[in-house]
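These notes are about the structure you will find just below.
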Amino acid sequence: MQERGAFRAIGTTIDDAAGEAFDKGARLLGLGYPGGAEIDRLAREGDPEAHAFPVARVPGLDFSFSGVKTALLYEVRKGNLEERRADLAASYQRAIVRALTQRTLQAAEELGADRIAIVGGVAANSELRAALPDAVAPPLELCTDNAAMIASAARFVEAIPPPGYLALDAYASVS
């Protein structure tokens with residue numbers, strides 16, 4: 001982001017977003033919602049090195065979290081979930097945070113960025129904040145779903161008068 005309202009996408013997710021991966025992982029582990037907060041809480045009791053969950057290496061600066069979710073599913077299916085839940089949460093969180101930090105630091109280096117900002121609900125994750133100690137992050141109470149931030153950002157762009165906005169297409173896309 002060069003300035004308010006001036007940004008370009010340099011990477012995206014090719015499947016689920018990190019927050020969605022946390023939510024789905026929490027569901028697999030039998031935890032509550034929001035999943036990221038529940039995994040973060042339980043992970044403090046576990047060993048993040050107990051399971052070697054994969055970090056996808058996709059081209060460019062994109063992310064992929066489907067493989068780590070599938071790996072968690074297979075681990076959960078092995079049974080003894082009660083005994084392993086905290087270790088699974090810690091290892092799963094570690095893999096997601098590792099993916100986020102590796103790509104973010106790679107992007108910052110390639111672009112010569114002097115600052116990194118973390119936002120959204122995932123920005124509340126304690127391991128992510130620890131892994132990116134120099135990143136700019138909002139206070140925890142402002143780390144909410146990205147939909148709230150997108151709505152807030154809309155106040156800085158020129159409004160589309162009615163009925164013009166009805167012609168807008170809204171669909172998922174890959175940048």
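Chain labels follow the order of the structure tokens: the first chain is A, the next B, and so on; residue numbering restarts at 1 in every chain, and ligands are counted from 1 in their shown order.
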Practice task
Any chance you could list, as a PyMOL selection string, the residues in stretch 18-145 of chain A that come up alpha helix (DSSP H) when DSSP is run on the backbone?
Solution key: chain A and resi 18-28+35-43+66-77+81-111+126-131
Problem - Residues within 12 Å of A:Ala37, only C-alpha atoms, excluding chain neighbours under 4 positions, as a ChimeraX atom specification - result: /A:19,22-23,25-26,31-33,41-44,89,93,121-127,140,143-144
Which residues of stretch 124-172 of chain A have any atom within 9 Å of an atom in stretch 1-10 of chain A when counting only C-alpha atoms, and what is the closest pair of atoms for each, with the distance in Å to one decimal? Order the rows by chain and rising number and write it as CSV.
```
residue,atom,partner,partner_atom,distance
A:Ala153,CA,A:Gly5,CA,7.9
A:Phe156,CA,A:Gly5,CA,7.0
A:Val157,CA,A:Gly5,CA,7.1
```
Next, the residues of the selection above should be written as a PDB file, in the first residue's frame with N, CA and C atoms.
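And here's result13.pdb as it stands now:
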```
ATOM      1  N   ALA A 153     -12.996   1.000   4.887  1.00  0.00           N
ATOM      2  CA  ALA A 153     -12.203   1.575   3.800  1.00  0.00           C
ATOM      3  C   ALA A 153     -13.088   2.234   2.752  1.00  0.00           C
ATOM      4  N   PHE A 156     -13.462   6.047   2.231  1.00  0.00           N
ATOM      5  CA  PHE A 156     -12.410   6.865   1.632  1.00  0.00           C
ATOM      6  C   PHE A 156     -12.420   6.846   0.105  1.00  0.00           C
ATOM      7  N   VAL A 157     -13.368   6.143  -0.480  1.00  0.00           N
ATOM      8  CA  VAL A 157     -13.459   6.105  -1.935  1.00  0.00           C
ATOM      9  C   VAL A 157     -14.703   6.856  -2.395  1.00  0.00           C
TER      10      VAL A 157
END
```
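Across the model, the gap from atom CA of A:Arg103 to atom CA of A:Ala137 is 17.3 Å.
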Handout entry: Selection near A:Glu45, 12 Å with only C-alpha atoms, sequence-local residues under 3 positions removed, as JSON, numbers by chain
Key = {"A": [38, 39, 40, 41, 42, 48, 50, 83, 84, 85, 86, 87, 88, 89, 90, 91]}
Based on the selection just made, write all heavy atoms of those residues as a compact mmCIF listing (two decimals), in the first residue's frame.
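For reference, selection-v5.txt as written:
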```txt
# COMPACT_ATOMS: atom_id res chain seq x y z
N GLU A 38 -9.72 -19.56 19.56
CA GLU A 38 -9.74 -20.82 20.31
C GLU A 38 -8.45 -21.62 20.10
O GLU A 38 -7.90 -22.17 21.05
CB GLU A 38 -10.96 -21.66 19.89
CG GLU A 38 -12.27 -21.08 20.35
CD GLU A 38 -12.39 -21.04 21.86
OE1 GLU A 38 -12.10 -22.05 22.52
OE2 GLU A 38 -12.76 -19.97 22.38
N ILE A 39 -7.96 -21.67 18.88
CA ILE A 39 -6.69 -22.37 18.62
C ILE A 39 -5.55 -21.66 19.32
O ILE A 39 -4.70 -22.30 19.94
CB ILE A 39 -6.44 -22.51 17.11
CG1 ILE A 39 -7.38 -23.57 16.54
CG2 ILE A 39 -4.98 -22.85 16.81
CD1 ILE A 39 -7.28 -23.80 15.05
N ASP A 40 -5.53 -20.34 19.26
CA ASP A 40 -4.48 -19.56 19.92
C ASP A 40 -4.47 -19.83 21.42
O ASP A 40 -3.42 -20.04 22.02
CB ASP A 40 -4.70 -18.07 19.64
CG ASP A 40 -3.49 -17.20 19.95
OD1 ASP A 40 -2.40 -17.75 20.24
OD2 ASP A 40 -3.63 -15.97 19.91
N ARG A 41 -5.64 -19.87 22.01
CA ARG A 41 -5.74 -20.13 23.45
C ARG A 41 -5.22 -21.53 23.79
O ARG A 41 -4.39 -21.71 24.67
CB ARG A 41 -7.20 -19.98 23.90
CG ARG A 41 -7.43 -20.25 25.39
CD ARG A 41 -8.91 -20.37 25.73
NE ARG A 41 -9.65 -21.33 24.91
CZ ARG A 41 -9.56 -22.65 25.01
NH1 ARG A 41 -8.73 -23.20 25.89
NH2 ARG A 41 -10.28 -23.44 24.24
N LEU A 42 -5.69 -22.54 23.07
CA LEU A 42 -5.30 -23.92 23.35
C LEU A 42 -3.84 -24.19 23.00
O LEU A 42 -3.16 -24.96 23.67
CB LEU A 42 -6.22 -24.89 22.58
CG LEU A 42 -5.99 -26.37 22.82
CD1 LEU A 42 -6.17 -26.73 24.30
CD2 LEU A 42 -6.93 -27.19 21.95
N PRO A 48 4.32 -26.92 19.81
CA PRO A 48 4.21 -26.63 18.39
C PRO A 48 5.10 -27.50 17.50
O PRO A 48 4.93 -27.53 16.29
CB PRO A 48 4.61 -25.16 18.30
CG PRO A 48 5.42 -24.89 19.50
CD PRO A 48 4.91 -25.83 20.56
N ALA A 50 5.27 -30.83 17.98
CA ALA A 50 4.77 -32.20 18.11
C ALA A 50 4.39 -32.82 16.77
O ALA A 50 4.53 -34.02 16.58
CB ALA A 50 3.57 -32.23 19.06
N GLU A 83 -6.19 -36.38 24.15
CA GLU A 83 -4.80 -36.37 24.62
C GLU A 83 -3.90 -35.51 23.74
O GLU A 83 -2.88 -35.01 24.20
CB GLU A 83 -4.23 -37.80 24.63
CG GLU A 83 -4.97 -38.76 25.53
CD GLU A 83 -4.57 -40.21 25.27
OE1 GLU A 83 -3.54 -40.44 24.60
OE2 GLU A 83 -5.29 -41.10 25.75
N ARG A 84 -4.27 -35.32 22.48
CA ARG A 84 -3.39 -34.66 21.52
C ARG A 84 -3.88 -33.28 21.08
O ARG A 84 -3.21 -32.60 20.32
CB ARG A 84 -3.24 -35.54 20.28
CG ARG A 84 -2.69 -36.91 20.60
CD ARG A 84 -2.55 -37.85 19.41
NE ARG A 84 -3.57 -37.74 18.40
CZ ARG A 84 -3.31 -37.57 17.09
NH1 ARG A 84 -2.08 -37.52 16.65
NH2 ARG A 84 -4.30 -37.49 16.22
N ARG A 85 -5.04 -32.85 21.54
CA ARG A 85 -5.67 -31.63 21.03
C ARG A 85 -4.77 -30.40 21.15
O ARG A 85 -4.62 -29.63 20.21
CB ARG A 85 -7.00 -31.40 21.74
CG ARG A 85 -7.77 -30.22 21.15
CD ARG A 85 -9.13 -30.05 21.80
NE ARG A 85 -10.07 -30.96 21.16
CZ ARG A 85 -10.85 -31.83 21.79
NH1 ARG A 85 -10.81 -31.90 23.10
NH2 ARG A 85 -11.66 -32.61 21.14
N ALA A 86 -4.15 -30.18 22.30
CA ALA A 86 -3.32 -28.99 22.50
C ALA A 86 -2.09 -29.02 21.58
O ALA A 86 -1.73 -27.99 21.00
CB ALA A 86 -2.89 -28.86 23.96
N ASP A 87 -1.46 -30.18 21.45
CA ASP A 87 -0.31 -30.29 20.54
C ASP A 87 -0.72 -30.08 19.10
O ASP A 87 0.00 -29.43 18.33
CB ASP A 87 0.37 -31.65 20.69
CG ASP A 87 1.14 -31.80 21.99
OD1 ASP A 87 1.39 -30.78 22.66
OD2 ASP A 87 1.49 -32.95 22.33
N LEU A 88 -1.86 -30.62 18.71
CA LEU A 88 -2.35 -30.43 17.35
C LEU A 88 -2.64 -28.95 17.09
O LEU A 88 -2.28 -28.42 16.04
CB LEU A 88 -3.60 -31.27 17.10
CG LEU A 88 -3.37 -32.77 16.96
CD1 LEU A 88 -4.70 -33.53 17.00
CD2 LEU A 88 -2.63 -33.08 15.67
N ALA A 89 -3.27 -28.29 18.05
CA ALA A 89 -3.57 -26.87 17.89
C ALA A 89 -2.28 -26.06 17.76
O ALA A 89 -2.17 -25.18 16.91
CB ALA A 89 -4.40 -26.37 19.07
N ALA A 90 -1.30 -26.36 18.61
CA ALA A 90 -0.04 -25.61 18.58
C ALA A 90 0.72 -25.84 17.27
O ALA A 90 1.25 -24.90 16.68
CB ALA A 90 0.83 -26.01 19.77
N SER A 91 0.76 -27.07 16.81
CA SER A 91 1.47 -27.40 15.58
C SER A 91 0.76 -26.82 14.36
O SER A 91 1.41 -26.32 13.43
CB SER A 91 1.61 -28.91 15.42
OG SER A 91 2.35 -29.46 16.49
```
